[in-house]
Amino acid sequence: MNRRQSSRKLDPHEQLGRRLGLRISFWALLVLVVASIITFFSTYPRYQEQVISSLKQDIQAALVPTDVLFSHVTNNANILAKRFLDHYQHQSENQAETNILFQSWFEQTSPGITRLKQVYFDGISDNHYLLKGISAFIGQSDSPLDQERKARIVAATLTLNELGPAWSEMVSNSHLSMPENALIIFSENIPWGRQADKDLIMTDYSVLQSSLQSENPEREPNWTGLYFDVSAGIWTITYQRPIDLNGKHLANASFDVELSKLLDSLQKKRHSKADFMLLNQQGDLIAASNISNKLKNQPLLNHDNYHDPLYQAVYKVIAKNNNPNNKQVFENALPNHLLILQPIPGVDWWYAALYPEDLIREQATTHSLILSITGLFILGLLLLIVHWQVTIEVSQPLHRLASVAGLMDTQNYRDVITTSTKQWQFKGEVKLALDAFRTMARRFVKAQHGLEKQVQLRTAELADANQRLQQLAHVDGLTGLLNRRSLDRDLKSILSGEIPHVLALADIDDFKLFNDHYGHEAGDRVLQQVGQCLSQISGVHAYRYGGEEFALLIPQSLVDAQSSILEDVVKQITQMEIPHQYNSRNADVISLSIGAAKVPLGQALSTVIKLADENLYKAKKRGGNCVDSDIR
C-alpha cells in the first residue's frame with residue numbers, strides 16, 4: 001500500500017501542479033511562436049511609419065527657428081536699406097562733412113585700393129562717432145572715386161556702425177556691397193576689408209554678380225548657395241537685397257549666415273541617425289550635415305561641382321518633383337535610404353531628410369527579438385503563477401483547515417476568531433468548513449464575553465463607589481473645598497519633602513453673631529462664597545479647616561514673589577461686601593482674619609498647625625480683618 005502511494009506520488013501525470021504547468025507551457029510556447037512570426041512580418045512597415053512620423057516631427061520642429069532666422073534676416077535687410085538711404089541723402093547734401101569723414105577714416109593701401117583704417121575695426125572715437133568692428137575694401141573699378149561714391153561709402157560705414165552690432169548674434173557679418181567693386185562690412189571677429197586681396201574683383205563672382213541690374217533685372221532679393229568664405233574661413237550663405245534709387249543701383253544690403261548657425265537650428269530635435277540637406281529650387285546646396293573641407297575651393301556648391309552621391313540623388317528627385325508645396329516621402333528614390341522632402345515656402349527651398357533603411361530593418365529585427373525574449377520571460381512567469389495558484393487554492397486552504405481544527409480541539413476559540421481576514425479568503429468546500437468552525441468559535445467566545453462583561457461591570461461599579469467614598473472623605477460637602485483630612489495628608493507630604501511652604505489659617509470674624517442674627521442658611525451661603533473666593537487664588541491650595549475656619553497652603557516661592565498675597569486675600573473678602581452689621585469691630589461687612597507661619601520641614605504636624613493658630617489668635621486680638629505672620 002505504501003509503495004503504491006509512493007508510486008502514485010511520483011507519477012507526474014497525477015500531480016495537479018505538473019499537469020497545469022505542462023498545459024500552460026505548451027500553449028504559451030505556441031502563442032510565443034505565432035506572435036514572433038506575426039511580429040517579424042509586421043514590424044518593418046510599422047517601424048517605417050514610426051520613423052517617418054518621427055522624422056516629420058523633427059523636421060517641423062527644426063524648421064521653426066530656421067524660418068524665424070530667415071524672416072529676421074529679410075526684415076533686417078529692409079531696415080538696413082532704409083537706414084542707408086537716410087544716411088546717403090544726408091551725406092549727399094553735406095559734401096563738406098562727407099569729405100572730412102572720408103579723408104579721416106580711409107587710406108590708400110596700394111595704387112587704386114582704398115581701405116578703412118585698422119583703428120576703426122579695433123574701436124576708436126573720431127569726429128563725434130565711435131566706430132568699432134567696421135572694415136571696408138574699395139577695389140579697382142572703372143568708376144572714379146567721386147563725391148557721390150564717397151557719400152555712399154561714408155553712408156554705408158555709418159549705417160553698419162549703427163545697426164551691425166545688434167545683429168551679430170544672428171548673422172556672421174552684415175555688409176553693404178556696391179556694384180563698383182566696394183564692400184563695407186561689420187564683423188566682430190574678422191577685419192575682412194583689411195584682409196581682402198588687392199586684386200579682388202567682387203563682381204566677377206556669382207555672389208555679388210547676382211545682384212547687378214544686368215543679372216537681376218527684377219531687382220529681387222536673393223539667397224546664394226553654399227560657398228566657403230576663404231577670408232573668414234567658414235562655410236556660409238549670403239542674403240542680398242538690392243538698393244536702387246531713381247533707377248540707379250547704389251548698393252546691396254546683405255548678410256552672411258554661417259553654416260554652423262543653420263546647422264544649430266536645423267539639427268535641433270533631428271533624428272540622431274538621419275542626414276539632412278537644404279537646397280534651393282535650382283538644386284544648389286544651401287546647407288548639409290556632411291560637408292567636406294575638401295570642397296573649400298568651390299565657389300558655390302551645386303549639381304555641377306558637388307558629386308556626393310546622396311546629394312546628386314536628392315537633386316534628381318527635386319528636379320523631377322512637380323509639387324513643390326507639399327511634404328513628400330520617397331522610399332525608393334535613393335539607394336538604401338528613406339527620403340522626406342519638406343518645402344520651405346518663405347525662401348522656396350527644400351529641406352531633405354535621409355534615413356538609412358538598414359536601421360529600420362535592424363530595429364524591426366531587434367523588436368522581434370525583444371518580443372521573443374519577453375515571451376520566454378512571460379512563459380516562466382506563467383509557470384510561477386501555476387505553482388502560486390496551486391499553493392493558494394489547494395495547499396494553503398487544507399493547511400488552514402487543519403490548523404483551525406487543532407485550535408478548536410484545544411478550545412482556543414479566540415485565536416480562531418481573531419485570525420486575520422486574509423487567512424479566511426478561500427473558496428469552495430474548504431471555505432464552508434472554515435466558516436462553520438468560525439461560527440462555532442464565535443458562539444463560545446460570545447458566551448465567555450458575556451460573563452467577562454458582567455465581571456467588568458461589577459468591577460467598574462465598585463471602583464466608582466470607592467471613588468465617591470474617597471471624594472466624600474477628602475472634600476467638604478458644603479464649600480467643595482478639600483477638608484481637614486486632605487490638609488493633614490498634604491501637610492505630611494510637605495513636611496517630608498524639600499519644597500518650603502507657608503500654612504495660613506483664616507477665620508471669618510464674628511461668624512457666630514452672623515449666624516445668630518441672619519440664620520444658619522445665610523451663614524452657609526457666606527461659607528460657600530468665602531470658600532469659592534479662596535479656591536480661585538492661583539497657585540494656592542485652599543481647605544475648609546472646620547466651622548468658619550479655612551486653611552491655605554502656599555509655596556514659599558509664591559510668597560517671595562508676591563509678598564502681599566495674604567493681605568490681598570483679606571481685601572478680596574471685604575470687597576465682596578457681604579453685609580454683617582453685628583460684628584464687634586463696628587464694621588458692616590464680612591471680614592477675615594489670617595494667621596500664617598512657615599512650614600518647618602521635618603517637624604511634627606501639630607507643631608505647624610500650632611504656629612499658624614497662634615498667629616491667627618494674634619490677628620483676632622488685633623481686631624480682625626488683618627494678617628499676622630512670621631513668614632517675612
# chains A, B, ... in the order shown; residues from 1 in each chain; ligands from 1
call {"tool": "residues_around", "arguments": {"residues": "segment 624-627 of chain A", "least_positions_apart": "5", "cutoff": "9 Å", "atoms": "only C-alpha atoms", "output": "list in words"}}
result
Ala506, Asp507, Ile508, Asp509, Leu566, Glu567, Val570, Lys571, Thr574, Arg585, Ile590, Ser591, Leu592, Ser593, Ile594, Gly595, Ala596, Asn615, Leu616, Lys618 and Ala619 of chain A
call {"tool": "write_last_selection", "arguments": {"atoms": "all heavy atoms", "output": "short mmCIF file (atom, residue, chain, number, x, y, z; two decimals), in the first residue's frame"}}
result
data_model
loop_
_atom_site.label_atom_id
_atom_site.label_comp_id
_atom_site.auth_asym_id
_atom_site.auth_seq_id
_atom_site.Cartn_x
_atom_site.Cartn_y
_atom_site.Cartn_z
N ALA A 506 -7.32 80.86 58.34
CA ALA A 506 -8.19 82.02 58.21
C ALA A 506 -9.51 81.76 58.93
O ALA A 506 -10.03 80.64 58.89
CB ALA A 506 -8.44 82.32 56.74
N ASP A 507 -10.00 82.84 59.60
CA ASP A 507 -11.25 82.69 60.36
C ASP A 507 -12.14 83.89 60.05
O ASP A 507 -11.67 85.04 60.01
CB ASP A 507 -10.96 82.65 61.86
CG ASP A 507 -12.21 82.43 62.67
OD1 ASP A 507 -12.62 81.26 62.79
OD2 ASP A 507 -12.78 83.44 63.16
N ILE A 508 -13.45 83.61 59.76
CA ILE A 508 -14.42 84.69 59.48
C ILE A 508 -14.71 85.39 60.81
O ILE A 508 -15.11 84.76 61.80
CB ILE A 508 -15.71 84.14 58.86
CG1 ILE A 508 -15.37 83.44 57.53
CG2 ILE A 508 -16.72 85.25 58.63
CD1 ILE A 508 -16.59 82.78 56.88
N ASP A 509 -14.52 86.71 60.80
CA ASP A 509 -14.69 87.49 62.04
C ASP A 509 -16.16 87.49 62.48
O ASP A 509 -17.07 87.77 61.67
CB ASP A 509 -14.21 88.93 61.83
CG ASP A 509 -12.73 88.99 61.54
OD1 ASP A 509 -11.98 88.16 62.11
OD2 ASP A 509 -12.29 89.85 60.70
N LEU A 566 -1.37 87.47 51.21
CA LEU A 566 -2.39 87.25 52.26
C LEU A 566 -3.19 88.52 52.51
O LEU A 566 -4.41 88.46 52.74
CB LEU A 566 -1.71 86.79 53.54
CG LEU A 566 -1.02 85.40 53.43
CD1 LEU A 566 -0.29 85.06 54.71
CD2 LEU A 566 -2.05 84.32 53.10
N GLU A 567 -2.53 89.70 52.51
CA GLU A 567 -3.27 90.96 52.67
C GLU A 567 -4.27 91.13 51.52
O GLU A 567 -5.39 91.63 51.73
CB GLU A 567 -2.30 92.14 52.69
CG GLU A 567 -1.51 92.30 53.98
CD GLU A 567 -0.32 91.35 54.07
OE1 GLU A 567 -0.13 90.57 53.10
OE2 GLU A 567 0.40 91.36 55.08
N VAL A 570 -7.37 89.16 52.29
CA VAL A 570 -8.23 89.86 53.26
C VAL A 570 -9.04 90.94 52.55
O VAL A 570 -10.25 91.11 52.77
CB VAL A 570 -7.37 90.44 54.40
CG1 VAL A 570 -8.21 91.37 55.30
CG2 VAL A 570 -6.74 89.32 55.22
N LYS A 571 -8.37 91.71 51.66
CA LYS A 571 -9.07 92.78 50.92
C LYS A 571 -10.16 92.21 50.03
O LYS A 571 -11.24 92.78 49.90
CB LYS A 571 -8.06 93.57 50.09
CG LYS A 571 -7.12 94.41 50.92
CD LYS A 571 -6.13 95.15 50.01
CE LYS A 571 -5.13 95.96 50.81
NZ LYS A 571 -4.16 96.66 49.93
N THR A 574 -13.37 91.52 52.04
CA THR A 574 -14.15 92.72 52.37
C THR A 574 -14.76 93.33 51.13
O THR A 574 -15.86 93.90 51.18
CB THR A 574 -13.25 93.75 53.07
OG1 THR A 574 -12.13 94.05 52.22
CG2 THR A 574 -12.73 93.21 54.40
N ARG A 585 -16.42 94.70 65.61
CA ARG A 585 -15.41 95.68 65.25
C ARG A 585 -16.00 96.87 64.51
O ARG A 585 -15.32 97.58 63.82
CB ARG A 585 -14.33 95.03 64.41
CG ARG A 585 -14.76 94.49 63.09
CD ARG A 585 -13.62 93.79 62.36
NE ARG A 585 -14.02 93.41 60.99
CZ ARG A 585 -13.94 94.23 59.96
NH1 ARG A 585 -13.48 95.45 60.12
NH2 ARG A 585 -14.32 93.83 58.76
N ILE A 590 -18.72 91.31 56.00
CA ILE A 590 -17.96 90.12 56.41
C ILE A 590 -16.48 90.39 56.19
O ILE A 590 -16.07 90.94 55.16
CB ILE A 590 -18.40 88.89 55.60
CG1 ILE A 590 -19.78 88.43 56.07
CG2 ILE A 590 -17.39 87.76 55.72
CD1 ILE A 590 -19.80 87.85 57.47
N SER A 591 -15.63 90.00 57.16
CA SER A 591 -14.18 90.17 57.04
C SER A 591 -13.50 88.89 57.50
O SER A 591 -14.13 87.98 58.05
CB SER A 591 -13.70 91.36 57.87
OG SER A 591 -13.99 91.15 59.25
N LEU A 592 -12.18 88.85 57.27
CA LEU A 592 -11.42 87.63 57.51
C LEU A 592 -10.14 87.98 58.26
O LEU A 592 -9.51 89.01 58.01
CB LEU A 592 -11.04 86.99 56.16
CG LEU A 592 -10.65 85.52 56.18
CD1 LEU A 592 -11.85 84.66 56.55
CD2 LEU A 592 -10.14 85.11 54.79
N SER A 593 -9.79 87.11 59.25
CA SER A 593 -8.51 87.23 59.96
C SER A 593 -7.64 86.05 59.56
O SER A 593 -8.14 84.92 59.46
CB SER A 593 -8.73 87.24 61.47
OG SER A 593 -9.49 88.38 61.86
N ILE A 594 -6.33 86.31 59.35
CA ILE A 594 -5.43 85.26 58.89
C ILE A 594 -4.19 85.24 59.77
O ILE A 594 -3.60 86.29 60.06
CB ILE A 594 -5.00 85.49 57.44
CG1 ILE A 594 -6.22 85.42 56.51
CG2 ILE A 594 -3.96 84.46 57.00
CD1 ILE A 594 -5.89 85.69 55.06
N GLY A 595 -3.81 84.01 60.16
CA GLY A 595 -2.54 83.78 60.85
C GLY A 595 -1.70 82.84 60.02
O GLY A 595 -2.19 81.76 59.65
N ALA A 596 -0.46 83.18 59.74
CA ALA A 596 0.36 82.37 58.85
C ALA A 596 1.71 82.09 59.48
O ALA A 596 2.22 82.88 60.27
CB ALA A 596 0.56 83.08 57.52
N ASN A 615 -0.62 82.66 65.49
CA ASN A 615 -0.65 83.92 64.72
C ASN A 615 -2.08 84.34 64.38
O ASN A 615 -2.38 85.53 64.30
CB ASN A 615 0.17 83.77 63.44
CG ASN A 615 1.66 83.70 63.73
OD1 ASN A 615 2.12 84.24 64.73
ND2 ASN A 615 2.42 83.03 62.86
N LEU A 616 -2.98 83.36 64.17
CA LEU A 616 -4.39 83.70 63.94
C LEU A 616 -4.99 84.33 65.18
O LEU A 616 -5.76 85.30 65.10
CB LEU A 616 -5.17 82.44 63.54
CG LEU A 616 -6.68 82.61 63.37
CD1 LEU A 616 -6.99 83.62 62.25
CD2 LEU A 616 -7.34 81.26 63.05
N LYS A 618 -3.39 86.09 67.35
CA LYS A 618 -2.88 87.46 67.43
C LYS A 618 -3.67 88.37 66.50
O LYS A 618 -3.97 89.53 66.85
CB LYS A 618 -1.41 87.48 67.05
CG LYS A 618 -0.52 86.76 68.05
CD LYS A 618 0.93 86.76 67.56
CE LYS A 618 1.85 85.98 68.50
NZ LYS A 618 3.24 85.95 68.01
N ALA A 619 -3.99 87.88 65.29
CA ALA A 619 -4.76 88.70 64.35
C ALA A 619 -6.14 89.00 64.89
O ALA A 619 -6.66 90.12 64.74
CB ALA A 619 -4.85 87.99 62.99
#
call {"tool": "residues_around", "arguments": {"residues": "segment 349-351 of chain A", "least_positions_apart": "3", "cutoff": "7 Å", "atoms": "only C-alpha atoms", "output": "list of chain:residue names"}}
result
A:Met277, A:Leu278, A:Leu279, A:Asn280, A:Gln281, A:Leu341, A:Gln342, A:Pro343, A:Ile344, A:Pro345
call {"tool": "residues_around", "arguments": {"residues": "segment 153-170 of chain A", "least_positions_apart": "2", "cutoff": "8 Å", "atoms": "only C-alpha atoms", "output": "PyMOL selection string"}}
result
chain A and resi 69+80+83-85+87-88+91+98+101-102+131-134+149-151+172-176+184-188+257
call {"tool": "write_last_selection", "arguments": {"atoms": "C-alpha atoms", "output": "mmCIF file, in the first residue's frame"}}
result
data_model
loop_
_atom_site.group_PDB
_atom_site.id
_atom_site.type_symbol
_atom_site.label_atom_id
_atom_site.label_comp_id
_atom_site.auth_asym_id
_atom_site.auth_seq_id
_atom_site.Cartn_x
_atom_site.Cartn_y
_atom_site.Cartn_z
ATOM 1 C CA LEU A 69 16.051 83.291 -38.818
ATOM 2 C CA LEU A 80 19.486 98.300 -43.332
ATOM 3 C CA ARG A 83 18.761 103.496 -42.936
ATOM 4 C CA PHE A 84 21.434 103.543 -45.649
ATOM 5 C CA LEU A 85 19.248 105.725 -47.889
ATOM 6 C CA HIS A 87 22.442 108.468 -44.373
ATOM 7 C CA TYR A 88 23.117 108.660 -48.135
ATOM 8 C CA GLN A 91 25.862 112.856 -46.904
ATOM 9 C CA THR A 98 31.483 113.705 -46.263
ATOM 10 C CA LEU A 101 34.935 111.865 -42.732
ATOM 11 C CA PHE A 102 36.249 110.096 -45.829
ATOM 12 C CA LEU A 131 33.487 103.163 -34.758
ATOM 13 C CA LYS A 132 34.253 99.531 -33.940
ATOM 14 C CA GLY A 133 34.131 96.284 -35.907
ATOM 15 C CA ILE A 134 33.966 98.085 -39.271
ATOM 16 C CA ARG A 149 30.665 107.342 -54.349
ATOM 17 C CA LYS A 150 32.278 108.834 -51.256
ATOM 18 C CA ALA A 151 28.809 109.797 -49.978
ATOM 19 C CA SER A 172 28.131 86.174 -39.204
ATOM 20 C CA ASN A 173 28.572 89.507 -40.990
ATOM 21 C CA SER A 174 26.469 92.487 -42.006
ATOM 22 C CA HIS A 175 27.619 94.401 -45.063
ATOM 23 C CA LEU A 176 26.735 96.883 -47.752
ATOM 24 C CA ILE A 184 31.803 97.857 -46.219
ATOM 25 C CA ILE A 185 31.372 95.139 -43.584
ATOM 26 C CA PHE A 186 30.633 94.837 -39.848
ATOM 27 C CA SER A 187 32.215 91.833 -38.155
ATOM 28 C CA GLU A 188 33.160 91.337 -34.528
ATOM 29 C CA VAL A 257 24.676 83.377 -42.418
#
call {"tool": "select_by_dssp", "arguments": {"residues": "segment 159-239 of chain A", "states": "strand (DSSP E)", "output": "list in words"}}
result
Asn173, Ser174, His175, Leu176, Ser177, Met178, Ala182, Leu183, Ile184, Ile185, Phe186, Asn222, Trp223, Tyr227, Phe228, Asp229, Ile234, Trp235, Thr236, Ile237, Thr238 and Tyr239 of chain A
call {"tool": "write_last_selection", "arguments": {"atoms": "N, CA, C and O atoms", "output": "PDB file, in the first residue's frame"}}
result
ATOM      1  N   ASN A 173      28.135  88.175 -40.582  1.00  0.00           N
ATOM      2  CA  ASN A 173      28.572  89.507 -40.990  1.00  0.00           C
ATOM      3  C   ASN A 173      27.377  90.276 -41.532  1.00  0.00           C
ATOM      4  O   ASN A 173      26.444  89.697 -42.107  1.00  0.00           O
ATOM      5  N   SER A 174      27.416  91.589 -41.358  1.00  0.00           N
ATOM      6  CA  SER A 174      26.469  92.487 -42.006  1.00  0.00           C
ATOM      7  C   SER A 174      27.289  93.397 -42.924  1.00  0.00           C
ATOM      8  O   SER A 174      28.329  93.917 -42.508  1.00  0.00           O
ATOM      9  N   HIS A 175      26.825  93.565 -44.166  1.00  0.00           N
ATOM     10  CA  HIS A 175      27.619  94.401 -45.063  1.00  0.00           C
ATOM     11  C   HIS A 175      26.752  95.110 -46.088  1.00  0.00           C
ATOM     12  O   HIS A 175      25.605  94.731 -46.348  1.00  0.00           O
ATOM     13  N   LEU A 176      27.318  96.142 -46.637  1.00  0.00           N
ATOM     14  CA  LEU A 176      26.735  96.883 -47.752  1.00  0.00           C
ATOM     15  C   LEU A 176      27.760  96.827 -48.887  1.00  0.00           C
ATOM     16  O   LEU A 176      28.874  97.357 -48.777  1.00  0.00           O
ATOM     17  N   SER A 177      27.398  96.106 -49.954  1.00  0.00           N
ATOM     18  CA  SER A 177      28.294  95.987 -51.109  1.00  0.00           C
ATOM     19  C   SER A 177      27.808  96.907 -52.222  1.00  0.00           C
ATOM     20  O   SER A 177      26.634  97.264 -52.290  1.00  0.00           O
ATOM     21  N   MET A 178      28.725  97.287 -53.120  1.00  0.00           N
ATOM     22  CA  MET A 178      28.403  98.241 -54.183  1.00  0.00           C
ATOM     23  C   MET A 178      28.866  97.675 -55.517  1.00  0.00           C
ATOM     24  O   MET A 178      29.877  96.944 -55.574  1.00  0.00           O
ATOM     25  N   ALA A 182      33.147  97.518 -54.327  1.00  0.00           N
ATOM     26  CA  ALA A 182      33.390  98.037 -52.985  1.00  0.00           C
ATOM     27  C   ALA A 182      32.480  97.307 -51.996  1.00  0.00           C
ATOM     28  O   ALA A 182      31.343  96.953 -52.334  1.00  0.00           O
ATOM     29  N   LEU A 183      32.996  97.111 -50.773  1.00  0.00           N
ATOM     30  CA  LEU A 183      32.196  96.442 -49.738  1.00  0.00           C
ATOM     31  C   LEU A 183      32.604  96.988 -48.379  1.00  0.00           C
ATOM     32  O   LEU A 183      33.783  97.053 -48.053  1.00  0.00           O
ATOM     33  N   ILE A 184      31.614  97.415 -47.604  1.00  0.00           N
ATOM     34  CA  ILE A 184      31.803  97.857 -46.219  1.00  0.00           C
ATOM     35  C   ILE A 184      31.127  96.795 -45.354  1.00  0.00           C
ATOM     36  O   ILE A 184      29.955  96.434 -45.582  1.00  0.00           O
ATOM     37  N   ILE A 185      31.842  96.306 -44.332  1.00  0.00           N
ATOM     38  CA  ILE A 185      31.372  95.139 -43.584  1.00  0.00           C
ATOM     39  C   ILE A 185      31.544  95.357 -42.086  1.00  0.00           C
ATOM     40  O   ILE A 185      32.522  95.948 -41.630  1.00  0.00           O
ATOM     41  N   PHE A 186      30.521  94.877 -41.306  1.00  0.00           N
ATOM     42  CA  PHE A 186      30.633  94.837 -39.848  1.00  0.00           C
ATOM     43  C   PHE A 186      30.847  93.394 -39.439  1.00  0.00           C
ATOM     44  O   PHE A 186      30.077  92.502 -39.793  1.00  0.00           O
ATOM     45  N   ASN A 222      17.807  87.940 -53.012  1.00  0.00           N
ATOM     46  CA  ASN A 222      18.112  86.535 -53.277  1.00  0.00           C
ATOM     47  C   ASN A 222      19.055  85.978 -52.224  1.00  0.00           C
ATOM     48  O   ASN A 222      19.812  86.708 -51.589  1.00  0.00           O
ATOM     49  N   TRP A 223      18.948  84.657 -52.065  1.00  0.00           N
ATOM     50  CA  TRP A 223      19.887  83.902 -51.239  1.00  0.00           C
ATOM     51  C   TRP A 223      20.861  83.173 -52.169  1.00  0.00           C
ATOM     52  O   TRP A 223      20.455  82.558 -53.133  1.00  0.00           O
ATOM     53  N   TYR A 227      28.850  78.409 -50.030  1.00  0.00           N
ATOM     54  CA  TYR A 227      30.221  78.573 -50.516  1.00  0.00           C
ATOM     55  C   TYR A 227      31.138  78.756 -49.311  1.00  0.00           C
ATOM     56  O   TYR A 227      30.688  79.038 -48.190  1.00  0.00           O
ATOM     57  N   PHE A 228      32.407  78.590 -49.562  1.00  0.00           N
ATOM     58  CA  PHE A 228      33.394  78.719 -48.493  1.00  0.00           C
ATOM     59  C   PHE A 228      34.051  80.089 -48.584  1.00  0.00           C
ATOM     60  O   PHE A 228      34.683  80.435 -49.592  1.00  0.00           O
ATOM     61  N   ASP A 229      33.877  80.894 -47.517  1.00  0.00           N
ATOM     62  CA  ASP A 229      34.482  82.222 -47.452  1.00  0.00           C
ATOM     63  C   ASP A 229      35.925  82.043 -46.987  1.00  0.00           C
ATOM     64  O   ASP A 229      36.187  81.763 -45.807  1.00  0.00           O
ATOM     65  N   ILE A 234      34.983  80.114 -43.191  1.00  0.00           N
ATOM     66  CA  ILE A 234      33.726  79.468 -42.801  1.00  0.00           C
ATOM     67  C   ILE A 234      32.905  79.158 -44.048  1.00  0.00           C
ATOM     68  O   ILE A 234      33.031  79.808 -45.086  1.00  0.00           O
ATOM     69  N   TRP A 235      32.058  78.123 -43.914  1.00  0.00           N
ATOM     70  CA  TRP A 235      31.025  77.872 -44.924  1.00  0.00           C
ATOM     71  C   TRP A 235      29.869  78.811 -44.644  1.00  0.00           C
ATOM     72  O   TRP A 235      29.439  78.961 -43.504  1.00  0.00           O
ATOM     73  N   THR A 236      29.349  79.430 -45.671  1.00  0.00           N
ATOM     74  CA  THR A 236      28.324  80.444 -45.450  1.00  0.00           C
ATOM     75  C   THR A 236      27.392  80.544 -46.648  1.00  0.00           C
ATOM     76  O   THR A 236      27.690  80.043 -47.749  1.00  0.00           O
ATOM     77  N   ILE A 237      26.246  81.196 -46.411  1.00  0.00           N
ATOM     78  CA  ILE A 237      25.352  81.627 -47.489  1.00  0.00           C
ATOM     79  C   ILE A 237      25.093  83.109 -47.290  1.00  0.00           C
ATOM     80  O   ILE A 237      25.261  83.638 -46.183  1.00  0.00           O
ATOM     81  N   THR A 238      24.707  83.796 -48.353  1.00  0.00           N
ATOM     82  CA  THR A 238      24.548  85.244 -48.293  1.00  0.00           C
ATOM     83  C   THR A 238      23.166  85.645 -48.790  1.00  0.00           C
ATOM     84  O   THR A 238      22.674  85.117 -49.797  1.00  0.00           O
ATOM     85  N   TYR A 239      22.569  86.586 -48.052  1.00  0.00           N
ATOM     86  CA  TYR A 239      21.308  87.181 -48.485  1.00  0.00           C
ATOM     87  C   TYR A 239      21.604  88.594 -48.962  1.00  0.00           C
ATOM     88  O   TYR A 239      22.288  89.372 -48.279  1.00  0.00           O
TER      89      TYR A 239
END
call {"tool": "closest_residue", "arguments": {"among": "A:Ala353, A:Leu301, A:Leu29, A:Ile578", "to": "Ser289 of chain A", "atoms": "only C-alpha atoms"}}
result
A:Ala353
call {"tool": "select_by_dssp", "arguments": {"residues": "segment 102-253 of chain A", "states": "helix (DSSP H, G or I)", "output": "ChimeraX atom specification"}}
result
/A:102-105,119-122,147-167,192-195,202-204,206-209
call {"tool": "write_last_selection", "arguments": {"atoms": "C-alpha atoms", "output": "tab-separated table (two decimals), in the first residue's frame"}}
result
chain	number	residue	atom	x	y	z
A	102	PHE	CA	36.25	110.10	-45.83
A	103	GLN	CA	39.68	111.66	-45.57
A	104	SER	CA	39.84	110.94	-41.82
A	105	TRP	CA	38.65	107.33	-41.98
A	119	VAL	CA	41.75	101.51	-35.81
A	120	TYR	CA	38.10	101.67	-36.87
A	121	PHE	CA	37.88	97.91	-36.61
A	122	ASP	CA	39.67	97.86	-33.25
A	147	GLN	CA	31.86	112.76	-54.47
A	148	GLU	CA	28.77	110.58	-54.98
A	149	ARG	CA	30.67	107.34	-54.35
A	150	LYS	CA	32.28	108.83	-51.26
A	151	ALA	CA	28.81	109.80	-49.98
A	152	ARG	CA	27.68	106.17	-50.45
A	153	ILE	CA	30.79	104.75	-48.75
A	154	VAL	CA	30.53	107.10	-45.74
A	155	ALA	CA	26.76	106.43	-45.51
A	156	ALA	CA	27.39	102.67	-45.59
A	157	THR	CA	30.05	102.97	-42.86
A	158	LEU	CA	27.74	104.96	-40.58
A	159	THR	CA	24.82	102.63	-41.23
A	160	LEU	CA	26.73	99.43	-40.42
A	161	ASN	CA	28.35	101.02	-37.37
A	162	GLU	CA	24.87	101.92	-36.13
A	163	LEU	CA	23.00	98.67	-36.87
A	164	GLY	CA	25.62	95.93	-37.27
A	165	PRO	CA	26.21	95.20	-33.54
A	166	ALA	CA	22.52	94.48	-32.97
A	167	TRP	CA	22.59	91.54	-35.43
A	192	TRP	CA	37.63	91.44	-43.93
A	193	GLY	CA	38.15	94.81	-45.61
A	194	ARG	CA	41.77	94.87	-44.44
A	195	GLN	CA	42.43	91.25	-45.46
A	202	MET	CA	34.00	91.01	-56.39
A	203	THR	CA	31.63	91.43	-59.33
A	204	ASP	CA	33.42	88.59	-61.11
A	206	SER	CA	28.43	84.88	-58.55
A	207	VAL	CA	27.51	86.28	-55.10
A	208	LEU	CA	27.77	89.97	-55.92
A	209	GLN	CA	27.25	89.37	-59.63
